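Have a look at structure.pdb below; it lists PDB, C-alpha atoms.
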ATOM      1  CA  MET A  26     148.399  70.412  85.884
ATOM      2  CA  ALA A  27     147.101  73.796  84.997
ATOM      3  CA  ASN A  28     145.710  72.462  81.758
ATOM      4  CA  ALA A  29     143.954  69.681  83.615
ATOM      5  CA  LEU A  30     142.286  72.157  85.966
ATOM      6  CA  VAL A  31     141.028  74.202  83.054
ATOM      7  CA  GLU A  32     139.663  71.085  81.422
ATOM      8  CA  HIS A  33     137.907  70.053  84.625
ATOM      9  CA  ASN A  34     136.354  73.479  85.107
ATOM     10  CA  SER A  35     135.171  73.692  81.542
ATOM     11  CA  GLY A  36     133.479  70.323  81.986
ATOM     12  CA  CYS A  37     131.460  71.659  84.960
ATOM     13  CA  GLY A  38     130.637  75.108  83.520
ATOM     14  CA  PRO A  39     126.818  75.064  83.897
ATOM     15  CA  LEU A  40     127.131  73.612  87.395
ATOM     16  CA  GLY A  41     129.596  76.356  88.389
ATOM     17  CA  THR A  42     127.250  79.022  86.981
ATOM     18  CA  ASN A  43     124.302  77.583  88.943
ATOM     19  CA  VAL A  44     126.299  77.586  92.175
ATOM     20  CA  ALA A  45     127.414  81.192  91.573
ATOM     21  CA  ALA A  46     123.829  82.278  90.834
ATOM     22  CA  ARG A  47     122.585  80.584  93.991
ATOM     23  CA  PHE A  48     125.363  82.172  95.978
ATOM     24  CA  ASP A  49     124.336  85.595  94.600
ATOM     25  CA  SER A  50     120.714  84.922  95.569
ATOM     26  CA  ILE A  51     121.706  83.900  99.068
ATOM     27  CA  ARG A  52     123.847  87.020  99.396
ATOM     28  CA  LEU A  53     120.913  89.125  98.188
ATOM     29  CA  ILE A  54     118.543  87.538 100.716
ATOM     30  CA  ILE A  55     121.051  87.938 103.546
ATOM     31  CA  GLY A  56     121.647  91.561 102.490
ATOM     32  CA  LEU A  57     117.913  92.289 102.418
ATOM     33  CA  PHE A  58     117.505  90.635 105.813
ATOM     34  CA  CYS A  59     120.323  92.780 107.256
ATOM     35  CA  ILE A  60     118.695  95.951 105.870
ATOM     36  CA  LEU A  61     115.392  94.782 107.360
ATOM     37  CA  LEU A  62     117.049  94.284 110.742
ATOM     38  CA  LEU A  63     118.605  97.742 110.585
ATOM     39  CA  CYS A  64     115.269  99.374 109.703
ATOM     40  CA  ALA A  65     113.156  97.261 112.044
ATOM     41  CA  GLY A  66     111.046  99.345 114.385
ATOM     42  CA  CYS A  67     112.144 102.597 112.800
ATOM     43  CA  THR A  68     109.538 105.358 112.509
ATOM     44  CA  VAL A  69     110.237 108.663 110.787
ATOM     45  CA  ARG A  70     107.738 111.519 111.164
ATOM     46  CA  ARG A  71     107.837 115.001 109.743
ATOM     47  CA  ALA A  72     105.281 117.788 109.980
ATOM     48  CA  THR A  73     105.617 121.128 108.231
ATOM     49  CA  LEU A  74     103.528 124.228 108.842
ATOM     50  CA  ASN A  75     103.455 126.912 106.153
ATOM     51  CA  ASP A  76     106.378 127.951 103.988
ATOM     52  CA  VAL A  77     109.780 128.875 105.348
ATOM     53  CA  LEU A  78     110.679 132.565 105.199
ATOM     54  CA  THR A  79     114.375 133.323 104.799
ATOM     55  CA  PRO A  80     116.244 136.582 105.514
ATOM     56  CA  GLU A  81     116.853 136.881 101.759
ATOM     57  CA  GLN A  82     113.110 137.005 101.148
ATOM     58  CA  VAL A  83     112.680 140.008 103.431
ATOM     59  CA  ASN A  84     115.815 141.973 102.604
ATOM     60  CA  PHE A  85     113.627 144.363 100.586
ATOM     61  CA  ILE A  86     112.230 145.765 103.859
ATOM     62  CA  ARG A  87     113.448 149.280 104.664
ATOM     63  CA  VAL A  88     112.678 150.440 108.183
ATOM     64  CA  GLY A  89     110.674 153.661 108.083
ATOM     65  CA  GLN A  90     109.819 153.264 104.387
ATOM     66  CA  THR A  91     108.213 149.895 103.646
ATOM     67  CA  THR A  92     104.448 149.823 104.205
ATOM     68  CA  ILE A  93     102.248 146.928 105.249
ATOM     69  CA  ARG A  94     100.829 146.751 101.715
ATOM     70  CA  GLU A  95     104.317 146.345 100.206
ATOM     71  CA  LEU A  96     105.145 143.689 102.771
ATOM     72  CA  ILE A  97     102.025 141.706 101.978
ATOM     73  CA  ASP A  98     102.592 142.021  98.239
ATOM     74  CA  HIS A  99     106.014 140.433  98.697
ATOM     75  CA  ILE A 100     105.504 137.696 101.305
ATOM     76  CA  GLY A 101     101.743 137.350 101.706
ATOM     77  CA  ALA A 102      99.349 137.902 104.571
ATOM     78  CA  PRO A 103     100.616 137.337 108.109
ATOM     79  CA  ASP A 104      99.311 134.532 110.303
ATOM     80  CA  GLU A 105      98.514 136.886 113.127
ATOM     81  CA  VAL A 106      98.209 140.601 113.733
ATOM     82  CA  THR A 107      98.410 141.799 117.289
ATOM     83  CA  GLU A 108      98.912 145.064 119.120
ATOM     84  CA  SER A 109     101.775 145.715 121.490
ATOM     85  CA  ASP A 110     102.658 148.771 123.562
ATOM     86  CA  PHE A 111     104.892 149.936 120.740
ATOM     87  CA  GLY A 112     102.512 149.418 117.815
ATOM     88  CA  VAL A 113     100.908 146.752 115.685
ATOM     89  CA  VAL A 114     102.902 143.575 115.103
ATOM     90  CA  ALA A 115     102.424 141.189 112.177
ATOM     91  CA  LEU A 116     103.547 137.611 112.829
ATOM     92  CA  TYR A 117     104.427 135.003 110.235
ATOM     93  CA  TYR A 118     104.632 131.436 111.568
ATOM     94  CA  TRP A 119     106.228 128.322 110.153
ATOM     95  CA  SER A 120     107.755 125.155 111.513
ATOM     96  CA  ASP A 121     109.410 121.947 110.450
ATOM     97  CA  THR A 122     108.972 119.269 113.103
ATOM     98  CA  LYS A 123     111.091 116.158 112.810
ATOM     99  CA  SER A 124     110.656 113.060 114.888
ATOM    100  CA  ALA A 125     112.164 109.606 114.744
ATOM    101  CA  SER A 126     111.943 106.560 116.960
ATOM    102  CA  LEU A 127     113.414 103.111 117.091
ATOM    103  CA  ASP A 128     111.502 100.282 118.740
ATOM    104  CA  PHE A 129     113.733  97.333 119.512
ATOM    105  CA  GLY A 130     110.718  95.230 120.421
ATOM    106  CA  THR A 131     109.344  95.278 116.874
ATOM    107  CA  LEU A 132     111.381  92.312 115.722
ATOM    108  CA  THR A 133     109.670  90.069 118.249
ATOM    109  CA  ARG A 134     106.410  90.550 116.322
ATOM    110  CA  LEU A 135     107.772  88.159 113.749
ATOM    111  CA  PHE A 136     107.831  85.219 116.120
ATOM    112  CA  LEU A 137     105.954  86.203 119.319
ATOM    113  CA  PRO A 138     102.274  87.049 119.873
ATOM    114  CA  TYR A 139     103.302  89.934 122.115
ATOM    115  CA  SER A 140     105.832  92.590 121.206
ATOM    116  CA  PRO A 141     107.340  94.431 124.141
ATOM    117  CA  LYS A 142     108.014  98.135 123.758
ATOM    118  CA  MET A 143     111.666  99.133 123.927
ATOM    119  CA  THR A 144     111.675 102.496 122.220
ATOM    120  CA  LEU A 145     114.149 105.326 121.820
ATOM    121  CA  SER A 146     112.525 108.450 120.448
ATOM    122  CA  ARG A 147     113.457 112.026 119.774
ATOM    123  CA  THR A 148     111.376 114.938 118.484
ATOM    124  CA  GLY A 149     112.571 118.377 117.470
ATOM    125  CA  ILE A 150     109.786 120.955 117.283
ATOM    126  CA  THR A 151     111.135 124.187 115.850
ATOM    127  CA  PRO A 152     108.437 126.843 115.645
ATOM    128  CA  GLU A 153     109.842 129.902 113.930
ATOM    129  CA  GLN A 154     108.427 133.300 113.243
ATOM    130  CA  LEU A 155     109.068 136.607 111.589
ATOM    131  CA  GLN A 156     107.876 139.612 113.559
ATOM    132  CA  VAL A 157     107.271 142.914 111.804
ATOM    133  CA  MET A 158     106.359 145.942 113.907
ATOM    134  CA  PHE A 159     104.504 148.917 112.411
ATOM    135  CA  ASP A 160     104.125 152.529 113.449
ATOM    136  CA  SER A 161     100.823 154.391 113.406
ATOM    137  CA  GLN A 162     101.182 155.040 109.640
ATOM    138  CA  TRP A 163     101.510 151.270 108.951
ATOM    139  CA  THR A 164     105.158 151.671 108.041
ATOM    140  CA  VAL A 165     107.709 149.121 109.251
ATOM    141  CA  ARG A 166     109.329 150.234 112.488
ATOM    142  CA  ALA A 167     111.353 147.072 113.137
ATOM    143  CA  TYR A 168     111.463 143.436 112.121
ATOM    144  CA  GLY A 169     113.281 140.281 113.095
ATOM    145  CA  PHE A 170     113.344 136.493 113.054
ATOM    146  CA  SER A 171     112.954 134.259 116.068
ATOM    147  CA  ARG A 172     115.957 132.413 117.411
ATOM    148  CA  LYS A 173     116.883 129.346 115.431
ATOM    149  CA  SER A 174     119.300 126.622 116.367
ATOM    150  CA  THR A 175     121.042 124.430 113.828
ATOM    151  CA  ASP A 176     118.963 122.084 111.725
ATOM    152  CA  GLU A 177     118.078 118.810 113.425
ATOM    153  CA  PRO A 178     118.692 115.668 111.381
ATOM    154  CA  ILE A 179     115.530 113.894 110.263
ATOM    155  CA  VAL A 180     116.538 110.501 111.622
ATOM    156  CA  TRP A 181     117.847 111.113 115.109
ATOM    157  CA  PHE A 182     116.342 108.932 117.810
ATOM    158  CA  TRP A 183     119.038 109.038 120.521
ATOM    159  CA  PRO A 184     117.304 110.887 123.364
ATOM    160  CA  PHE A 185     120.271 111.349 125.705
TER
ATOM    161  CA  MET B  25     108.821  79.132  84.566
ATOM    162  CA  ALA B  26     109.252  77.193  87.819
ATOM    163  CA  PHE B  27     111.415  80.029  89.146
ATOM    164  CA  ASN B  28     108.783  82.664  88.269
ATOM    165  CA  LYS B  29     106.061  81.241  90.515
ATOM    166  CA  PRO B  30     107.842  81.893  93.825
ATOM    167  CA  LEU B  31     109.009  85.252  92.487
ATOM    168  CA  ALA B  32     105.431  86.204  91.594
ATOM    169  CA  GLY B  33     104.338  85.065  95.039
ATOM    170  CA  ILE B  34     107.006  87.188  96.686
ATOM    171  CA  ILE B  35     105.986  90.240  94.620
ATOM    172  CA  ILE B  36     102.295  89.762  95.534
ATOM    173  CA  VAL B  37     103.101  89.375  99.220
ATOM    174  CA  LEU B  38     105.353  92.434  99.158
ATOM    175  CA  THR B  39     102.725  94.489  97.324
ATOM    176  CA  LEU B  40     100.030  93.474  99.804
ATOM    177  CA  THR B  41     102.392  94.198 102.679
ATOM    178  CA  ILE B  42     103.070  97.682 101.368
ATOM    179  CA  LEU B  43      99.425  98.490 100.583
ATOM    180  CA  GLN B  44      98.053  97.259 103.899
ATOM    181  CA  GLY B  45      99.951  99.958 105.782
ATOM    182  CA  CYS B  46      98.850 102.973 103.733
ATOM    183  CA  VAL B  47      97.076 105.712 105.692
ATOM    184  CA  VAL B  48      95.804 108.939 104.174
ATOM    185  CA  THR B  49      94.517 111.640 106.522
ATOM    186  CA  ARG B  50      93.211 115.132 105.908
ATOM    187  CA  GLY B  51      92.293 117.735 108.473
ATOM    188  CA  THR B  52      90.907 121.247 108.195
ATOM    189  CA  VAL B  53      90.264 124.059 110.660
ATOM    190  CA  GLY B  54      87.533 126.563 109.851
ATOM    191  CA  GLU B  55      85.777 127.140 106.563
ATOM    192  CA  PRO B  56      87.500 127.937 103.260
ATOM    193  CA  ILE B  57      87.486 131.695 102.628
ATOM    194  CA  GLN B  58      85.259 132.624  99.692
ATOM    195  CA  GLU B  59      87.362 134.671  97.290
ATOM    196  CA  ASP B  60      84.268 135.925  95.439
ATOM    197  CA  ALA B  61      83.031 137.547  98.625
ATOM    198  CA  ILE B  62      86.400 139.205  99.212
ATOM    199  CA  SER B  63      86.310 140.864  95.811
ATOM    200  CA  THR B  64      82.944 142.479  96.626
ATOM    201  CA  ILE B  65      84.429 144.405  99.575
ATOM    202  CA  LYS B  66      84.970 147.994  98.447
ATOM    203  CA  LYS B  67      87.434 150.132 100.333
ATOM    204  CA  GLY B  68      85.797 153.192 101.878
ATOM    205  CA  THR B  69      82.205 152.085 101.281
ATOM    206  CA  THR B  70      81.648 148.574 102.638
ATOM    207  CA  THR B  71      80.624 148.635 106.289
ATOM    208  CA  MET B  72      81.490 146.259 109.097
ATOM    209  CA  ALA B  73      77.968 144.785 109.051
ATOM    210  CA  GLU B  74      78.149 144.201 105.307
ATOM    211  CA  VAL B  75      81.467 142.377 105.678
ATOM    212  CA  VAL B  76      79.903 140.139 108.318
ATOM    213  CA  SER B  77      76.937 139.393 106.084
ATOM    214  CA  LEU B  78      79.242 138.659 103.141
ATOM    215  CA  ILE B  79      81.881 136.499 104.808
ATOM    216  CA  GLY B  80      80.465 135.744 108.234
ATOM    217  CA  ALA B  81      81.625 136.625 111.722
ATOM    218  CA  PRO B  82      85.402 136.883 112.024
ATOM    219  CA  ASP B  83      87.460 134.245 113.786
ATOM    220  CA  ARG B  84      89.320 136.959 115.675
ATOM    221  CA  ILE B  85      88.895 140.684 116.173
ATOM    222  CA  VAL B  86      92.102 142.618 116.731
ATOM    223  CA  ARG B  87      92.501 146.243 117.632
ATOM    224  CA  GLY B  88      95.519 148.055 116.218
ATOM    225  CA  ASN B  89      96.363 151.715 115.576
ATOM    226  CA  ASP B  90      92.844 152.669 116.742
ATOM    227  CA  ARG B  91      91.297 150.454 114.111
ATOM    228  CA  GLU B  92      89.268 147.272 114.233
ATOM    229  CA  ILE B  93      90.768 144.412 112.248
ATOM    230  CA  PHE B  94      88.727 141.338 111.348
ATOM    231  CA  HIS B  95      90.787 138.193 110.974
ATOM    232  CA  TYR B  96      89.470 135.131 109.122
ATOM    233  CA  TYR B  97      91.593 131.987 108.844
ATOM    234  CA  TYR B  98      91.438 128.530 107.367
ATOM    235  CA  TYR B  99      93.916 125.675 107.844
ATOM    236  CA  ASP B 100      94.294 122.652 105.592
ATOM    237  CA  GLY B 101      96.506 119.678 106.473
ATOM    238  CA  LYS B 102      97.330 116.587 104.445
ATOM    239  CA  SER B 103      99.063 113.619 105.990
ATOM    240  CA  PRO B 104      99.982 110.431 104.171
ATOM    241  CA  ALA B 105     101.589 107.631 106.142
ATOM    242  CA  MET B 106     103.054 104.257 105.395
ATOM    243  CA  LEU B 107     102.905 101.924 108.378
ATOM    244  CA  LEU B 108     104.737  98.788 107.371
ATOM    245  CA  ILE B 109     105.261  95.897 109.723
ATOM    246  CA  LEU B 110     108.732  97.025 110.664
ATOM    247  CA  LEU B 111     109.219 100.491 109.177
ATOM    248  CA  ASN B 112     106.949 103.571 109.344
ATOM    249  CA  PHE B 113     106.965 106.857 107.440
ATOM    250  CA  ILE B 114     104.555 109.616 108.489
ATOM    251  CA  ARG B 115     104.430 113.093 107.019
ATOM    252  CA  MET B 116     102.098 116.040 107.523
ATOM    253  CA  ASP B 117     101.876 119.261 105.542
ATOM    254  CA  ILE B 118      99.780 122.108 106.936
ATOM    255  CA  LYS B 119      99.172 125.486 105.355
ATOM    256  CA  SER B 120      96.879 128.386 106.178
ATOM    257  CA  ASP B 121      94.812 131.053 104.446
ATOM    258  CA  ASN B 122      94.418 134.398 106.192
ATOM    259  CA  LEU B 123      92.106 137.303 105.472
ATOM    260  CA  TYR B 124      92.320 140.639 107.273
ATOM    261  CA  VAL B 125      89.833 143.458 106.842
ATOM    262  CA  PHE B 126      90.979 146.746 108.350
ATOM    263  CA  PHE B 127      88.233 149.204 109.326
ATOM    264  CA  ASN B 128      88.648 152.931 109.853
ATOM    265  CA  ARG B 129      87.174 154.837 112.768
ATOM    266  CA  ASP B 130      83.859 155.193 110.867
ATOM    267  CA  GLY B 131      83.545 151.427 110.547
ATOM    268  CA  MET B 132      84.251 151.383 106.808
ATOM    269  CA  ALA B 133      86.606 148.877 105.205
ATOM    270  CA  GLU B 134      89.939 150.592 104.726
ATOM    271  CA  GLU B 135      92.201 147.760 103.612
ATOM    272  CA  VAL B 136      91.716 144.135 102.646
ATOM    273  CA  VAL B 137      94.596 141.697 102.925
ATOM    274  CA  TYR B 138      94.277 138.116 101.768
ATOM    275  CA  GLY B 139      96.941 135.415 101.613
ATOM    276  CA  LYS B 140      96.217 131.943 100.262
ATOM    277  CA  ARG B 141      98.633 129.106 100.920
ATOM    278  CA  THR B 142      96.366 126.056 101.128
ATOM    279  CA  GLY B 143      96.443 125.573  97.362
ATOM    280  CA  ARG B 144     100.019 124.400  97.787
ATOM    281  CA  THR B 145      99.315 121.777 100.466
ATOM    282  CA  GLN B 146     100.527 118.408  99.232
ATOM    283  CA  PHE B 147     100.245 114.717 100.066
ATOM    284  CA  ARG B 148     103.971 114.097 100.354
ATOM    285  CA  LEU B 149     105.052 110.853 101.975
ATOM    286  CA  TRP B 150     108.828 110.921 101.728
ATOM    287  CA  PRO B 151     110.059 112.621 104.924
ATOM    288  CA  PHE B 152     113.579 113.341 103.720
ATOM    289  CA  GLY B 153     114.793 116.357 101.784
ATOM    290  CA  ASP B 154     113.387 119.875 101.762
TER
END
Show me this structure written as structure tokens.
Amino acid sequence: MANALVEHNSGCGPLGTNVAARFDSIRLIIGLFCILLLCAGCTVRRATLNDVLTPEQVNFIRVGQTTIRELIDHIGAPDEVTESDFGVVALYYWSDTKSASLDFGTLTRLFLPYSPKMTLSRTGITPEQLQVMFDSQWTVRAYGFSRKSTDEPIVWFWPF
Amino acid sequence: MAFNKPLAGIIIVLTLTILQGCVVTRGTVGEPIQEDAISTIKKGTTTMAEVVSLIGAPDRIVRGNDREIFHYYYYDGKSPAMLLILLNFIRMDIKSDNLYVFFNRDGMAEEVVYGKRTGRTQFRLWPFGD
């Protein structure tokens, strides 16, 4: 019986191969369609301003010793210089804004002339800054980073 | 060969679909800072009026430690986007150049500070990663 089955299969080899190939193609198309459905209406946005400054990059600063010239030679010119009641402050700005949205109405574009908006969206704007305060001799009096929460994921559209 | 025709058609349609949603945007704020003019500023001799004639009026004037500080800035932003029928990627990269000229009480240039970042602004589309 087993021999007979083998004989039968060997007689239909090319047909079996064609069916398997078609089945693979169908699986591929269905897989692509599922990926398309998952991604449908998805928008990912990201905006970066200037380069990130890390605490490691400024650990050369010694309060009372480092001058403005040394600071600039290491990390470049500040984005803003302003005067406070306690002295001049140099500000370095940077940010990494991430935003994602998911529009459930997008799929209807494929078969309707009008696509209703059903969107979930979330944006995380994280402006950060390094503040360096100088005394009257342009020597660093104090410095510090702005508060920073944990990194937001890039694709995160749940607004609640 | 019969199989290749629909495949070629699919590839053409996909290519057209991808290309039709390409958007490239560039935005700038201010004028690029002329580095040649910066190098002509001599500490202790160049006056405030000469700096203005060389580079132009400053974008901001700051007072700090009893000194006048001229601030010039320039921003450059590049933003590619891919707006497909169902999926969109948008990315923006902005960087700034800053020039500060510190003047002493006599109105002479005392220190010149220039930082250039806009040379590193990139058209990067992929929003993931660093």
Residues within 8 Å of stretch 75-86 of chain A, only C-alpha atoms, excluding chain neighbours under 3 positions, as a compact mmCIF listing (two decimals) with C-alpha atoms, keeping the file's coordinate frame:
# COMPACT_ATOMS: atom_id res chain seq x y z
CA GLN A 90 109.82 153.26 104.39
CA THR A 91 108.21 149.90 103.65
CA LEU A 96 105.14 143.69 102.77
CA ILE A 100 105.50 137.70 101.30
CA TYR A 118 104.63 131.44 111.57
CA TRP A 119 106.23 128.32 110.15
CA SER A 120 107.76 125.16 111.51
CA LEU A 155 109.07 136.61 111.59
CA VAL A 165 107.71 149.12 109.25
CA ASP B 117 101.88 119.26 105.54
CA ILE B 118 99.78 122.11 106.94
CA LYS B 119 99.17 125.49 105.36
CA SER B 120 96.88 128.39 106.18
CA ARG B 141 98.63 129.11 100.92
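Close contacts of B:Asn122, defined as residues with an atom at most 9 Å away when counting all atoms listed in the file, with chain neighbours fewer than 2 positions off set aside, comprise Ala102, Pro103, Asp104 and Glu105 of chain A; Ile57, His95, Tyr96, Tyr97, Tyr98, Tyr99, Ser120, Tyr124, Val137, Tyr138, Gly139, Lys140 and Arg141 of chain B.
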Just to be explicit: take each residue in the selection above, keep C-alpha atoms, and write the result as a PDB file, in the frame of the given file.
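Ended up saving to again_0.pdb:
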ATOM      1  CA  ALA A 102      99.349 137.902 104.571  1.00  0.00           C
ATOM      2  CA  PRO A 103     100.616 137.337 108.109  1.00  0.00           C
ATOM      3  CA  ASP A 104      99.311 134.532 110.303  1.00  0.00           C
ATOM      4  CA  GLU A 105      98.514 136.886 113.127  1.00  0.00           C
TER       5      GLU A 105
ATOM      6  CA  ILE B  57      87.486 131.695 102.628  1.00  0.00           C
ATOM      7  CA  HIS B  95      90.787 138.193 110.974  1.00  0.00           C
ATOM      8  CA  TYR B  96      89.470 135.131 109.122  1.00  0.00           C
ATOM      9  CA  TYR B  97      91.593 131.987 108.844  1.00  0.00           C
ATOM     10  CA  TYR B  98      91.438 128.530 107.367  1.00  0.00           C
ATOM     11  CA  TYR B  99      93.916 125.675 107.844  1.00  0.00           C
ATOM     12  CA  SER B 120      96.879 128.386 106.178  1.00  0.00           C
ATOM     13  CA  TYR B 124      92.320 140.639 107.273  1.00  0.00           C
ATOM     14  CA  VAL B 137      94.596 141.697 102.925  1.00  0.00           C
ATOM     15  CA  TYR B 138      94.277 138.116 101.768  1.00  0.00           C
ATOM     16  CA  GLY B 139      96.941 135.415 101.613  1.00  0.00           C
ATOM     17  CA  LYS B 140      96.217 131.943 100.262  1.00  0.00           C
ATOM     18  CA  ARG B 141      98.633 129.106 100.920  1.00  0.00           C
TER      19      ARG B 141
END
**Asked** Can you list, as an MDAnalysis selection string, the residues that the ChimeraX specification (/B :<7) & /A selects here?
**Response** chainID A and resid 64:75 101:102 104 107:108 112:113 131 161 179
**Request:** Using the chain letters and numbering of this document, enumerate as a PyMOL selection string the residues selected by the PyMOL selection byres ((chain B and resi 63-71) around 12).
**Result:** chain B and resi 57-62+72-79+92+123-138
Emit the selected residues as an mmCIF file, in the coordinates of the input, including C-alpha atoms.
data_model
loop_
_atom_site.group_PDB
_atom_site.id
_atom_site.type_symbol
_atom_site.label_atom_id
_atom_site.label_comp_id
_atom_site.auth_asym_id
_atom_site.auth_seq_id
_atom_site.Cartn_x
_atom_site.Cartn_y
_atom_site.Cartn_z
ATOM 1 C CA ILE B 57 87.486 131.695 102.628
ATOM 2 C CA GLN B 58 85.259 132.624 99.692
ATOM 3 C CA GLU B 59 87.362 134.671 97.290
ATOM 4 C CA ASP B 60 84.268 135.925 95.439
ATOM 5 C CA ALA B 61 83.031 137.547 98.625
ATOM 6 C CA ILE B 62 86.400 139.205 99.212
ATOM 7 C CA MET B 72 81.490 146.259 109.097
ATOM 8 C CA ALA B 73 77.968 144.785 109.051
ATOM 9 C CA GLU B 74 78.149 144.201 105.307
ATOM 10 C CA VAL B 75 81.467 142.377 105.678
ATOM 11 C CA VAL B 76 79.903 140.139 108.318
ATOM 12 C CA SER B 77 76.937 139.393 106.084
ATOM 13 C CA LEU B 78 79.242 138.659 103.141
ATOM 14 C CA ILE B 79 81.881 136.499 104.808
ATOM 15 C CA GLU B 92 89.268 147.272 114.233
ATOM 16 C CA LEU B 123 92.106 137.303 105.472
ATOM 17 C CA TYR B 124 92.320 140.639 107.273
ATOM 18 C CA VAL B 125 89.833 143.458 106.842
ATOM 19 C CA PHE B 126 90.979 146.746 108.350
ATOM 20 C CA PHE B 127 88.233 149.204 109.326
ATOM 21 C CA ASN B 128 88.648 152.931 109.853
ATOM 22 C CA ARG B 129 87.174 154.837 112.768
ATOM 23 C CA ASP B 130 83.859 155.193 110.867
ATOM 24 C CA GLY B 131 83.545 151.427 110.547
ATOM 25 C CA MET B 132 84.251 151.383 106.808
ATOM 26 C CA ALA B 133 86.606 148.877 105.205
ATOM 27 C CA GLU B 134 89.939 150.592 104.726
ATOM 28 C CA GLU B 135 92.201 147.760 103.612
ATOM 29 C CA VAL B 136 91.716 144.135 102.646
ATOM 30 C CA VAL B 137 94.596 141.697 102.925
ATOM 31 C CA TYR B 138 94.277 138.116 101.768
#
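Within 10 Å of the point (108.6, 150.7, 121.0), counting all atoms listed in the file, the protein and nucleic acid residues come to Ser109, Asp110, Phe111, Gly112, Met158, Phe159, Asp160, Arg166 and Ala167 of chain A.
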**Complete:** Between atom CA of A:Phe58 and atom CA of A:Leu127 lies a distance of 17.3 Å
Centre and edge lengths of an axis-aligned box around all listed atoms of stretch 82-94 of chain B, with 5 Å added on each side, are to be given in Å to one decimal, as JSON.
{"center_x": 90.9, "center_y": 143.5, "center_z": 114.5, "size_x": 21.0, "size_y": 28.4, "size_z": 16.3}
Return stretch 130-145 of chain B, completed with N, CA and C atoms, as a CSV table (one decimal), in the coordinates of the input.
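Result went into part-v2.csv, see below:
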chain,number,residue,atom,x,y,z
B,130,ASP,N,85.3,155.1,111.2
B,130,ASP,CA,83.9,155.2,110.9
B,130,ASP,C,83.2,153.8,110.6
B,131,GLY,N,84.1,152.8,110.7
B,131,GLY,CA,83.5,151.4,110.5
B,131,GLY,C,83.5,151.0,109.1
B,132,MET,N,84.2,151.7,108.2
B,132,MET,CA,84.3,151.4,106.8
B,132,MET,C,85.5,150.6,106.5
B,133,ALA,N,85.4,149.7,105.6
B,133,ALA,CA,86.6,148.9,105.2
B,133,ALA,C,87.7,149.8,104.6
B,134,GLU,N,88.9,149.7,105.2
B,134,GLU,CA,89.9,150.6,104.7
B,134,GLU,C,91.0,149.8,103.9
B,135,GLU,N,91.2,148.6,104.3
B,135,GLU,CA,92.2,147.8,103.6
B,135,GLU,C,91.8,146.3,103.7
B,136,VAL,N,92.0,145.6,102.6
B,136,VAL,CA,91.7,144.1,102.6
B,136,VAL,C,93.0,143.4,102.3
B,137,VAL,N,93.4,142.5,103.1
B,137,VAL,CA,94.6,141.7,102.9
B,137,VAL,C,94.3,140.2,102.9
B,138,TYR,N,94.6,139.5,101.9
B,138,TYR,CA,94.3,138.1,101.8
B,138,TYR,C,95.5,137.3,101.3
B,139,GLY,N,95.8,136.3,102.0
B,139,GLY,CA,96.9,135.4,101.6
B,139,GLY,C,96.5,134.0,101.6
B,140,LYS,N,96.7,133.3,100.4
B,140,LYS,CA,96.2,131.9,100.3
B,140,LYS,C,97.4,131.0,100.1
B,141,ARG,N,97.5,130.1,101.0
B,141,ARG,CA,98.6,129.1,100.9
B,141,ARG,C,98.1,127.7,100.7
B,142,THR,N,96.8,127.5,101.1
B,142,THR,CA,96.4,126.1,101.1
B,142,THR,C,96.4,125.4,99.8
B,143,GLY,N,96.4,126.2,98.7
B,143,GLY,CA,96.4,125.6,97.4
B,143,GLY,C,97.7,124.8,97.1
B,144,ARG,N,98.7,125.1,98.0
B,144,ARG,CA,100.0,124.4,97.8
B,144,ARG,C,100.2,123.3,98.8
B,145,THR,N,99.2,122.9,99.5
B,145,THR,CA,99.3,121.8,100.5
B,145,THR,C,99.4,120.5,99.7
